[in-house]
file upload-v1.cif (mmCIF, C-alpha atoms and all ligand atoms)
data_final
#
loop_
_atom_site.label_atom_id
_atom_site.label_comp_id
_atom_site.auth_asym_id
_atom_site.auth_seq_id
_atom_site.Cartn_x
_atom_site.Cartn_y
_atom_site.Cartn_z
CA MET B 177 -93.24 34.15 87.77
CA LYS B 178 -94.82 33.67 91.17
CA THR B 179 -92.72 31.76 93.66
CA LEU B 180 -92.40 31.04 97.35
CA GLY B 181 -89.38 31.41 99.60
CA TYR B 182 -88.31 31.73 103.20
CA ALA B 183 -87.27 35.17 104.36
CA ALA B 184 -85.97 37.05 107.38
CA GLN B 185 -88.02 40.25 107.90
CA SER B 186 -85.66 41.67 110.55
CA ALA B 187 -82.52 40.75 112.49
CA ASP B 188 -84.44 39.20 115.36
CA THR B 189 -87.40 37.44 113.74
CA PRO B 190 -87.28 33.80 112.60
CA LEU B 191 -87.33 33.04 108.89
CA ALA B 192 -90.88 32.55 107.58
CA PRO B 193 -92.59 31.93 104.21
CA LEU B 194 -92.65 34.83 101.73
CA ALA B 195 -94.49 34.82 98.39
CA PHE B 196 -92.77 36.93 95.71
CA GLU B 197 -92.18 37.23 91.96
CA ARG B 198 -89.15 36.19 89.92
CA ARG B 199 -88.48 38.41 86.92
CA ALA B 200 -89.79 37.55 83.45
CA LEU B 201 -87.11 35.91 81.31
CA ARG B 202 -84.68 38.25 79.58
CA PRO B 203 -83.26 36.89 76.29
CA ASN B 204 -80.17 35.40 77.99
CA ASP B 205 -81.91 34.18 81.17
CA VAL B 206 -82.35 30.68 82.50
CA ALA B 207 -85.28 29.88 84.85
CA MET B 208 -84.85 26.97 87.19
CA GLU B 209 -86.75 25.07 89.80
CA ILE B 210 -84.57 24.85 92.90
CA LEU B 211 -84.21 21.30 94.22
CA TYR B 212 -81.63 21.78 96.97
CA CYS B 213 -79.98 24.71 98.72
CA GLY B 214 -77.04 24.52 101.11
CA VAL B 215 -77.02 26.57 104.32
CA CYS B 216 -73.89 28.75 104.62
CA HIS B 217 -72.71 30.67 107.71
CA THR B 218 -73.08 33.83 105.64
CA ASP B 219 -76.84 33.14 105.53
CA VAL B 220 -76.96 33.27 109.33
CA HIS B 221 -74.78 36.40 109.53
CA MET B 222 -76.89 38.19 106.92
CA ALA B 223 -80.29 37.18 108.33
CA ARG B 224 -79.19 38.47 111.75
CA ASN B 225 -77.42 41.60 110.43
CA ASP B 226 -74.14 40.60 112.10
CA TRP B 227 -72.16 42.76 109.65
CA GLY B 228 -74.48 45.75 109.90
CA TRP B 229 -75.43 46.10 106.20
CA SER B 230 -78.39 43.74 105.82
CA VAL B 231 -81.56 45.09 104.16
CA TYR B 232 -84.87 43.31 104.71
CA PRO B 233 -86.57 41.16 103.70
CA ILE B 234 -83.69 38.76 103.03
CA VAL B 235 -84.17 35.48 101.21
CA PRO B 236 -80.78 33.81 101.89
CA GLY B 237 -79.15 30.92 100.06
CA HIS B 238 -76.24 30.76 97.59
CA GLU B 239 -75.54 27.05 97.23
CA ILE B 240 -78.22 26.23 94.68
CA ILE B 241 -78.91 23.04 92.71
CA GLY B 242 -81.87 22.92 90.36
CA ARG B 243 -83.37 21.95 87.03
CA VAL B 244 -83.96 24.24 84.06
CA ILE B 245 -87.67 24.91 83.45
CA GLY B 246 -87.38 27.64 80.81
CA VAL B 247 -84.85 29.65 78.81
CA GLY B 248 -84.77 33.02 77.06
CA SER B 249 -84.65 33.38 73.27
CA GLU B 250 -80.83 33.81 73.13
CA VAL B 251 -79.91 30.98 75.49
CA SER B 252 -77.87 28.33 73.70
CA ARG B 253 -76.08 26.47 76.49
CA PHE B 254 -79.09 25.17 78.46
CA LYS B 255 -82.46 23.55 77.84
CA ALA B 256 -85.39 22.47 79.98
CA GLY B 257 -84.57 19.51 82.19
CA ASP B 258 -80.82 20.19 82.50
CA ALA B 259 -79.33 19.82 86.00
CA VAL B 260 -77.78 23.18 86.87
CA ALA B 261 -76.25 25.10 89.75
CA VAL B 262 -75.87 28.69 90.93
CA GLY B 263 -73.39 29.93 93.52
CA CYS B 264 -72.70 33.20 95.30
CA MET B 265 -73.01 35.56 92.31
CA LEU B 266 -75.57 36.12 89.56
CA ASP B 267 -73.96 38.79 87.41
CA SER B 268 -70.95 41.08 86.96
CA CYS B 269 -69.93 43.87 84.57
CA GLN B 270 -68.57 41.31 82.03
CA HIS B 271 -66.13 43.82 80.51
CA CYS B 272 -63.46 44.72 83.11
CA ASP B 273 -60.04 43.02 83.12
CA GLN B 274 -61.03 40.63 85.92
CA CYS B 275 -64.29 39.57 84.27
CA ARG B 276 -62.48 39.04 80.97
CA LYS B 277 -60.01 36.76 82.80
CA GLY B 278 -62.88 34.71 84.24
CA GLU B 279 -62.43 36.16 87.73
CA GLU B 280 -65.95 37.57 88.01
CA GLN B 281 -65.77 37.36 91.80
CA LEU B 282 -63.13 40.12 91.59
CA CYS B 283 -65.10 42.28 89.11
CA ARG B 284 -63.91 45.90 89.33
CA GLU B 285 -67.54 47.04 89.66
CA GLY B 286 -68.33 44.27 92.13
CA PRO B 287 -70.29 41.14 91.24
CA THR B 288 -74.05 41.00 91.83
CA LEU B 289 -74.46 38.68 94.78
CA THR B 290 -77.13 35.98 94.78
CA TYR B 291 -78.98 37.71 97.59
CA ILE B 292 -79.04 41.21 99.09
CA SER B 293 -77.49 42.83 95.96
CA PRO B 294 -79.15 45.31 93.56
CA ASP B 295 -79.94 43.78 90.15
CA ARG B 296 -77.75 45.51 87.50
CA ILE B 297 -80.77 46.44 85.34
CA THR B 298 -83.80 46.90 87.63
CA HIS B 299 -81.90 47.63 90.88
CA ASP B 300 -84.34 45.30 92.70
CA ILE B 301 -82.63 43.56 95.62
CA THR B 302 -81.78 39.94 94.78
CA TYR B 303 -83.44 37.07 96.62
CA GLY B 304 -81.47 33.83 97.06
CA GLY B 305 -81.94 30.11 97.02
CA TYR B 306 -84.25 29.50 99.97
CA SER B 307 -87.03 29.47 97.38
CA LYS B 308 -88.71 27.30 94.77
CA HIS B 309 -87.44 29.11 91.65
CA ILE B 310 -84.72 31.47 90.47
CA VAL B 311 -83.92 33.30 87.21
CA VAL B 312 -80.24 33.84 86.32
CA ARG B 313 -78.38 35.00 83.19
CA GLN B 314 -76.82 32.02 81.46
CA GLU B 315 -73.21 33.14 81.98
CA PHE B 316 -73.67 32.55 85.73
CA VAL B 317 -75.41 29.17 85.47
CA LEU B 318 -73.23 26.09 85.95
CA SER B 319 -73.78 22.63 84.53
CA VAL B 320 -74.01 19.81 87.04
CA PRO B 321 -72.11 16.93 85.46
CA GLU B 322 -73.73 13.53 85.17
CA GLY B 323 -72.88 11.36 88.15
CA LEU B 324 -72.71 14.13 90.76
CA ASP B 325 -75.30 13.41 93.47
CA LEU B 326 -77.68 16.39 93.22
CA ALA B 327 -78.75 16.18 96.87
CA ARG B 328 -75.19 16.49 98.13
CA ALA B 329 -73.62 18.79 95.54
CA ALA B 330 -75.07 22.10 96.77
CA PRO B 331 -72.32 22.99 99.28
CA LEU B 332 -69.74 22.86 96.46
CA LEU B 333 -71.14 26.21 95.24
CA CYS B 334 -69.79 28.17 98.23
CA ALA B 335 -67.87 26.00 100.73
CA GLY B 336 -66.40 23.98 97.87
CA ILE B 337 -65.23 26.78 95.59
CA THR B 338 -64.03 28.91 98.53
CA THR B 339 -61.51 26.20 99.42
CA TYR B 340 -60.82 24.85 95.90
CA SER B 341 -59.89 28.27 94.52
CA PRO B 342 -56.86 28.88 96.81
CA LEU B 343 -55.74 25.26 96.43
CA ARG B 344 -55.64 25.73 92.64
CA ASN B 345 -54.34 29.30 92.66
CA TRP B 346 -51.42 28.35 94.92
CA GLY B 347 -50.64 25.35 92.70
CA VAL B 348 -51.53 22.46 95.01
CA GLY B 349 -51.00 19.05 93.42
CA PRO B 350 -49.40 15.68 94.11
CA GLY B 351 -46.82 16.03 96.87
CA SER B 352 -47.96 19.46 98.08
CA ARG B 353 -48.01 19.78 101.86
CA VAL B 354 -51.29 21.36 102.93
CA GLY B 355 -52.52 22.26 106.42
CA VAL B 356 -56.17 22.93 107.23
CA ILE B 357 -57.26 24.92 110.30
CA GLY B 358 -60.89 24.41 111.36
CA LEU B 359 -63.01 21.40 110.45
CA GLY B 360 -66.45 22.85 109.69
CA GLY B 361 -68.29 23.40 106.41
CA LEU B 362 -65.26 25.00 104.73
CA GLY B 363 -62.56 22.96 106.48
CA HIS B 364 -64.03 19.57 105.67
CA MET B 365 -64.17 20.55 101.98
CA ALA B 366 -60.57 21.82 102.09
CA VAL B 367 -59.49 18.39 103.39
CA LYS B 368 -61.43 16.45 100.76
CA LEU B 369 -60.37 18.67 97.86
CA ALA B 370 -56.67 18.94 98.83
CA SER B 371 -56.59 15.18 99.28
CA GLY B 372 -58.33 14.73 95.91
CA LEU B 373 -55.65 16.91 94.29
CA GLY B 374 -52.99 14.54 95.64
CA ALA B 375 -51.66 16.68 98.48
CA HIS B 376 -50.42 15.43 101.86
CA VAL B 377 -53.07 16.90 104.17
CA THR B 378 -52.75 17.77 107.85
CA VAL B 379 -55.64 19.01 109.97
CA MET B 380 -54.55 21.38 112.74
CA SER B 381 -56.68 21.20 115.86
CA ARG B 382 -56.72 22.31 119.48
CA THR B 383 -57.61 18.79 120.66
CA SER B 384 -57.01 15.20 119.57
CA GLY B 385 -60.77 14.50 119.47
CA LYS B 386 -60.98 15.20 115.72
CA GLU B 387 -58.46 12.55 114.65
CA ALA B 388 -61.00 9.96 113.44
CA ASP B 389 -63.11 12.60 111.66
CA ALA B 390 -60.06 14.13 109.96
CA ARG B 391 -58.87 10.77 108.71
CA ALA B 392 -62.33 9.76 107.54
CA LEU B 393 -62.44 12.92 105.40
CA GLY B 394 -59.10 12.02 103.80
CA ALA B 395 -56.50 13.79 105.97
CA ASP B 396 -53.16 12.06 106.41
CA ARG B 397 -52.72 13.23 109.99
CA LEU B 398 -53.92 15.49 112.79
CA LEU B 399 -51.53 17.99 114.35
CA VAL B 400 -52.68 18.76 117.89
CA TRP B 401 -51.88 22.21 119.14
CA THR B 402 -51.00 21.06 122.67
CA ASP B 403 -48.45 18.51 121.39
CA LYS B 404 -45.38 20.76 121.58
CA ASP B 405 -43.01 18.08 120.21
CA ALA B 406 -45.13 17.50 117.13
CA ILE B 407 -45.49 21.25 116.57
CA ALA B 408 -41.70 21.76 116.86
CA LYS B 409 -41.07 18.94 114.37
CA ALA B 410 -43.61 20.45 111.96
CA GLY B 411 -41.60 23.68 111.55
CA SER B 412 -41.12 24.82 107.92
CA SER B 413 -43.04 21.79 106.63
CA PHE B 414 -46.10 23.27 104.86
CA ASP B 415 -46.46 24.84 101.43
CA LEU B 416 -49.95 26.15 102.10
CA ILE B 417 -52.22 26.46 105.12
CA ILE B 418 -55.96 27.05 104.55
CA ASP B 419 -57.36 28.89 107.58
CA THR B 420 -61.15 28.40 107.76
CA VAL B 421 -61.67 29.67 111.33
CA PRO B 422 -64.79 31.91 111.21
CA VAL B 423 -63.98 34.22 114.13
CA ARG B 424 -61.20 36.59 115.23
CA HIS B 425 -58.07 34.62 116.13
CA ASP B 426 -54.26 34.67 116.20
CA VAL B 427 -52.46 33.34 113.11
CA SER B 428 -48.91 34.10 114.36
CA PRO B 429 -48.37 30.60 115.86
CA TYR B 430 -49.01 28.99 112.48
CA MET B 431 -46.49 31.05 110.53
CA PRO B 432 -43.31 29.11 111.53
CA LEU B 433 -44.98 25.93 110.25
CA LEU B 434 -44.86 27.28 106.67
CA ASP B 435 -41.83 26.51 104.51
CA VAL B 436 -39.98 29.31 102.69
CA ASP B 437 -42.45 31.14 100.40
CA GLY B 438 -45.33 29.30 102.07
CA THR B 439 -48.66 31.05 102.46
CA LEU B 440 -51.46 30.97 105.00
CA VAL B 441 -54.71 31.78 103.17
CA MET B 442 -57.65 33.08 105.17
CA VAL B 443 -61.06 32.11 103.81
CA GLY B 444 -63.37 31.94 106.82
CA HIS B 445 -63.32 35.22 108.69
CA LEU B 446 -64.24 38.72 107.56
CA GLY B 447 -62.89 41.21 110.08
CA LEU B 448 -59.94 41.86 112.35
CA ILE B 449 -57.43 39.23 113.42
CA ASP B 450 -55.08 39.48 116.37
CA GLU B 451 -51.77 41.34 116.04
CA LEU B 452 -49.41 39.56 113.66
CA PHE B 453 -45.76 38.84 114.64
CA THR B 454 -43.78 39.63 111.48
CA VAL B 455 -40.44 37.91 112.26
CA PRO B 456 -41.38 34.54 110.74
CA LEU B 457 -42.95 36.32 107.75
CA ILE B 458 -39.82 38.31 106.97
CA MET B 459 -37.17 35.74 107.90
CA GLY B 460 -38.89 32.90 106.04
CA ARG B 461 -40.44 34.94 103.22
CA ARG B 462 -43.82 33.65 104.34
CA GLY B 463 -47.14 35.30 103.60
CA VAL B 464 -50.67 35.76 104.84
CA ALA B 465 -53.27 36.10 102.10
CA GLY B 466 -57.03 36.04 101.68
CA SER B 467 -59.24 34.52 99.01
CA PRO B 468 -62.96 34.83 98.23
CA ILE B 469 -64.93 32.29 96.14
CA GLY B 470 -63.72 31.59 92.58
CA GLY B 471 -64.74 32.57 89.05
CA ILE B 472 -67.41 30.82 87.02
CA ALA B 473 -64.92 28.82 84.93
CA GLN B 474 -63.10 27.62 88.05
CA THR B 475 -66.41 26.73 89.72
CA GLN B 476 -67.34 24.62 86.67
CA GLU B 477 -63.88 23.02 86.87
CA LEU B 478 -64.59 22.17 90.54
CA LEU B 479 -67.95 20.53 89.72
CA ASP B 480 -66.33 18.48 86.94
CA PHE B 481 -63.40 17.55 89.23
CA CYS B 482 -65.75 16.41 92.01
CA ALA B 483 -67.83 14.32 89.59
CA ARG B 484 -64.67 12.68 88.23
CA LYS B 485 -63.20 11.99 91.68
CA ASN B 486 -66.53 11.30 93.40
CA ILE B 487 -65.89 14.01 96.01
CA LEU B 488 -69.03 15.17 97.82
CA PRO B 489 -69.69 17.32 100.87
CA GLU B 490 -70.97 15.64 104.04
CA CYS B 491 -74.56 16.85 104.33
CA GLU B 492 -77.47 16.70 106.74
CA MET B 493 -80.72 17.14 104.83
CA ILE B 494 -83.37 19.36 106.41
CA ARG B 495 -86.85 20.56 105.55
CA MET B 496 -87.40 24.23 104.71
CA ASP B 497 -89.39 24.73 107.92
CA GLY B 498 -86.42 23.37 109.91
CA ILE B 499 -84.22 26.32 108.90
CA ASN B 500 -84.53 28.27 112.17
CA GLU B 501 -83.45 25.28 114.21
CA ALA B 502 -80.60 24.70 111.73
CA PHE B 503 -79.38 28.30 112.23
CA GLU B 504 -79.36 27.75 116.00
CA ARG B 505 -77.46 24.49 115.63
CA MET B 506 -74.90 26.17 113.34
CA GLU B 507 -74.24 28.79 115.99
CA ARG B 508 -73.34 25.91 118.35
CA SER B 509 -71.19 24.26 115.60
CA ASP B 510 -73.62 21.34 115.84
CA VAL B 511 -73.55 20.23 112.19
CA ARG B 512 -71.47 17.69 110.29
CA TYR B 513 -70.69 19.37 108.07
CA ARG B 514 -73.34 21.24 106.07
CA PHE B 515 -77.13 21.53 106.21
CA VAL B 516 -78.86 21.19 102.86
CA ILE B 517 -82.50 22.14 102.41
CA ASP B 518 -84.61 19.68 100.41
CA MET B 519 -86.73 22.24 98.57
CA ALA B 520 -89.45 19.65 97.86
CA SER B 521 -90.40 20.21 101.51
CA LEU B 522 -91.53 23.76 100.64
CA LYS B 523 -94.99 23.51 99.12
CA VAL B 524 -96.25 26.34 96.94
ZN ZN V 1 -71.47 30.97 101.53
ZN ZN V 2 -66.20 43.14 85.84
#
call {"tool": "encode", "arguments": {"input": "upload-v1.cif", "output": "structure tokens", "more": "lines below"}}
Ligand SMILES: [Zn+2]
Ligand SMILES: [Zn+2]
result
Amino acid sequence: MKTLGYAAQSADTPLAPLAFERRALRPNDVAMEILYCGVCHTDVHMARNDWGWSVYPIVPGHEIIGRVIGVGSEVSRFKAGDAVAVGCMLDSCQHCDQCRKGEEQLCREGPTLTYISPDRITHDITYGGYSKHIVVRQEFVLSVPEGLDLARAAPLLCAGITTYSPLRNWGVGPGSRVGVIGLGGLGHMAVKLASGLGAHVTVMSRTSGKEADARALGADRLLVWTDKDAIAKAGSSFDLIIDTVPVRHDVSPYMPLLDVDGTLVMVGHLGLIDELFTVPLIMGRRGVAGSPIGGIAQTQELLDFCARKNILPECEMIRMDGINEAFERMERSDVRYRFVIDMASLKV
């Protein structure tokens, strides 16, 4: 199937149109027209080779909302016209212990990522959601429940599941005390989802300027880092802290805020952090953990939860040809809170 996308050809060239082919349908494949695609920080890092392992051309995009336009002969769960979604992975081994538990993101052989990963059969490098069409095996296609606004749902597929997964895995529910560090694409979803799960939510910030934004997203309060009294009073008062900061930083100051057995979960930064002071970890049996996205079943649970609770990301819609400007604005943190590409703006 011929399609059109937007691709980076090297680390220092702007994204530009690229015509390419999607594979012919395998028996268990679903073909979809992409309607919307969210713009994740990973897209920027990959397009610019910030982690040193990009291969070009790259068609980024792993927050995909679309409609089914065709299915393979063995597909039973989807039919043409269905509203569907695809996130950060397209395939996995399907037989290891993690895959069998529904934790495909932790597949022992590594999941096939939605872009820049070799296909498990052809070894062709995958191209992502900045395109008009995609073909995905049905096990990795999600149903978009009725009532979920298609134009705003896309960021749930990465920013949403990345924050929902630790909230669920650490048992957050009514009465849980949750802190959120960083109020960007990930952080604003952590606030909305923790609040939707019934938790008491605190946004932790360096300045008081985010108070109105934090409350509008559903936070119960803002804890300002320069307010020493408030910080002292907040000692041992959190069950879970979701740290969404996307750059190297120091987590030691946050550790005394966790209650006994509390955990700070890092979701936003791949790389080194500053030296960690272990006294509060050992004396309070506190932990630092990390968490990637979530499995397919948990991602479906998230979509259903958001439809039921009417939880949606805050989005700024852009045209496909506005992507280079959007990347520049993201590098200045000038987005509230996620860009979403309206794929109708890309004409074949
Ligand atoms: Zn992402
Ligand atoms: Zn596996």
call {"tool": "residues_near_ligand", "arguments": {"input": "upload-v1.cif", "ligand": "ligand ZN 2 (chain V)", "cutoff": "9 Å", "atoms": "all atoms listed in the file", "output": "PyMOL selection string"}}
result
chain B and resi 268-276+279-287
call {"tool": "residues_near_ligand", "arguments": {"input": "upload-v1.cif", "ligand": "ligand ZN 1 (chain V)", "cutoff": "12 Å", "atoms": "only C-alpha atoms and all ligand atoms", "output": "PDB file with C-alpha atoms, keeping the file's coordinate frame"}}
result
ATOM      1  CA  CYS B 213     -79.980  24.710  98.720  1.00  0.00           C
ATOM      2  CA  GLY B 214     -77.040  24.520 101.110  1.00  0.00           C
ATOM      3  CA  VAL B 215     -77.020  26.570 104.320  1.00  0.00           C
ATOM      4  CA  CYS B 216     -73.890  28.750 104.620  1.00  0.00           C
ATOM      5  CA  HIS B 217     -72.710  30.670 107.710  1.00  0.00           C
ATOM      6  CA  THR B 218     -73.080  33.830 105.640  1.00  0.00           C
ATOM      7  CA  ASP B 219     -76.840  33.140 105.530  1.00  0.00           C
ATOM      8  CA  VAL B 220     -76.960  33.270 109.330  1.00  0.00           C
ATOM      9  CA  HIS B 221     -74.780  36.400 109.530  1.00  0.00           C
ATOM     10  CA  MET B 222     -76.890  38.190 106.920  1.00  0.00           C
ATOM     11  CA  PRO B 236     -80.780  33.810 101.890  1.00  0.00           C
ATOM     12  CA  GLY B 237     -79.150  30.920 100.060  1.00  0.00           C
ATOM     13  CA  HIS B 238     -76.240  30.760  97.590  1.00  0.00           C
ATOM     14  CA  GLU B 239     -75.540  27.050  97.230  1.00  0.00           C
ATOM     15  CA  ILE B 240     -78.220  26.230  94.680  1.00  0.00           C
ATOM     16  CA  VAL B 262     -75.870  28.690  90.930  1.00  0.00           C
ATOM     17  CA  GLY B 263     -73.390  29.930  93.520  1.00  0.00           C
ATOM     18  CA  CYS B 264     -72.700  33.200  95.300  1.00  0.00           C
ATOM     19  CA  MET B 265     -73.010  35.560  92.310  1.00  0.00           C
ATOM     20  CA  LEU B 289     -74.460  38.680  94.780  1.00  0.00           C
ATOM     21  CA  THR B 290     -77.130  35.980  94.780  1.00  0.00           C
ATOM     22  CA  TYR B 291     -78.980  37.710  97.590  1.00  0.00           C
ATOM     23  CA  GLY B 304     -81.470  33.830  97.060  1.00  0.00           C
ATOM     24  CA  GLY B 305     -81.940  30.110  97.020  1.00  0.00           C
ATOM     25  CA  ALA B 330     -75.070  22.100  96.770  1.00  0.00           C
ATOM     26  CA  PRO B 331     -72.320  22.990  99.280  1.00  0.00           C
ATOM     27  CA  LEU B 332     -69.740  22.860  96.460  1.00  0.00           C
ATOM     28  CA  LEU B 333     -71.140  26.210  95.240  1.00  0.00           C
ATOM     29  CA  CYS B 334     -69.790  28.170  98.230  1.00  0.00           C
ATOM     30  CA  ALA B 335     -67.870  26.000 100.730  1.00  0.00           C
ATOM     31  CA  GLY B 336     -66.400  23.980  97.870  1.00  0.00           C
ATOM     32  CA  ILE B 337     -65.230  26.780  95.590  1.00  0.00           C
ATOM     33  CA  THR B 338     -64.030  28.910  98.530  1.00  0.00           C
ATOM     34  CA  THR B 339     -61.510  26.200  99.420  1.00  0.00           C
ATOM     35  CA  GLY B 361     -68.290  23.400 106.410  1.00  0.00           C
ATOM     36  CA  LEU B 362     -65.260  25.000 104.730  1.00  0.00           C
ATOM     37  CA  PRO B 422     -64.790  31.910 111.210  1.00  0.00           C
ATOM     38  CA  VAL B 443     -61.060  32.110 103.810  1.00  0.00           C
ATOM     39  CA  GLY B 444     -63.370  31.940 106.820  1.00  0.00           C
ATOM     40  CA  HIS B 445     -63.320  35.220 108.690  1.00  0.00           C
ATOM     41  CA  PRO B 468     -62.960  34.830  98.230  1.00  0.00           C
ATOM     42  CA  ILE B 469     -64.930  32.290  96.140  1.00  0.00           C
ATOM     43  CA  GLY B 470     -63.720  31.590  92.580  1.00  0.00           C
ATOM     44  CA  ARG B 514     -73.340  21.240 106.070  1.00  0.00           C
ATOM     45  CA  PHE B 515     -77.130  21.530 106.210  1.00  0.00           C
TER      46      PHE B 515
END
call {"tool": "residues_around", "arguments": {"input": "upload-v1.cif", "residues": "B:Leu440", "least_positions_apart": "6", "cutoff": "10 Å", "atoms": "all atoms listed in the file", "output": "list in words"}}
result
Val354, Gly355, Val356, Ile357, Phe414, Asp415, Leu416, Ile417, Ile418, Asp419, Val427, Tyr430, Met431, Leu433, Leu434, Arg462, Gly463, Val464, Ala465 and Gly466 of chain B
call {"tool": "residues_around", "arguments": {"input": "upload-v1.cif", "residues": "B:Arg382", "least_positions_apart": "6", "cutoff": "7 Å", "atoms": "all atoms listed in the file", "output": "number ranges by chain"}}
result
B: 400-402
call {"tool": "closest_residue", "arguments": {"input": "upload-v1.cif", "among": "B:Val231, B:Val320, B:Leu399, B:Met177", "to": "B:Ser384", "atoms": "only C-alpha atoms"}}
result
B:Leu399
call {"tool": "atom_distance", "arguments": {"input": "upload-v1.cif", "atom1": "atom CA of B:Leu398", "atom2": "atom CA of B:Gly360"}}
result
14.9 Å
call {"tool": "atom_distance", "arguments": {"input": "upload-v1.cif", "atom1": "atom CA of B:Ser413", "atom2": "atom CA of B:Ser352"}}
result
10.1 Å
call {"tool": "residues_around", "arguments": {"input": "upload-v1.cif", "residues": "stretch 371-376 of chain B", "least_positions_apart": "6", "cutoff": "12 Å", "atoms": "all atoms listed in the file", "output": "PyMOL selection string"}}
result
chain B and resi 340+343-344+347-356+364-365+390-398+413-417+478+481-488
call {"tool": "residues_around", "arguments": {"input": "upload-v1.cif", "residues": "stretch 184-186 of chain B", "least_positions_apart": "5", "cutoff": "7 Å", "atoms": "only C-alpha atoms", "output": "JSON, numbers by chain"}}
result
{"B": [191, 192, 223, 232, 233, 234, 235]}
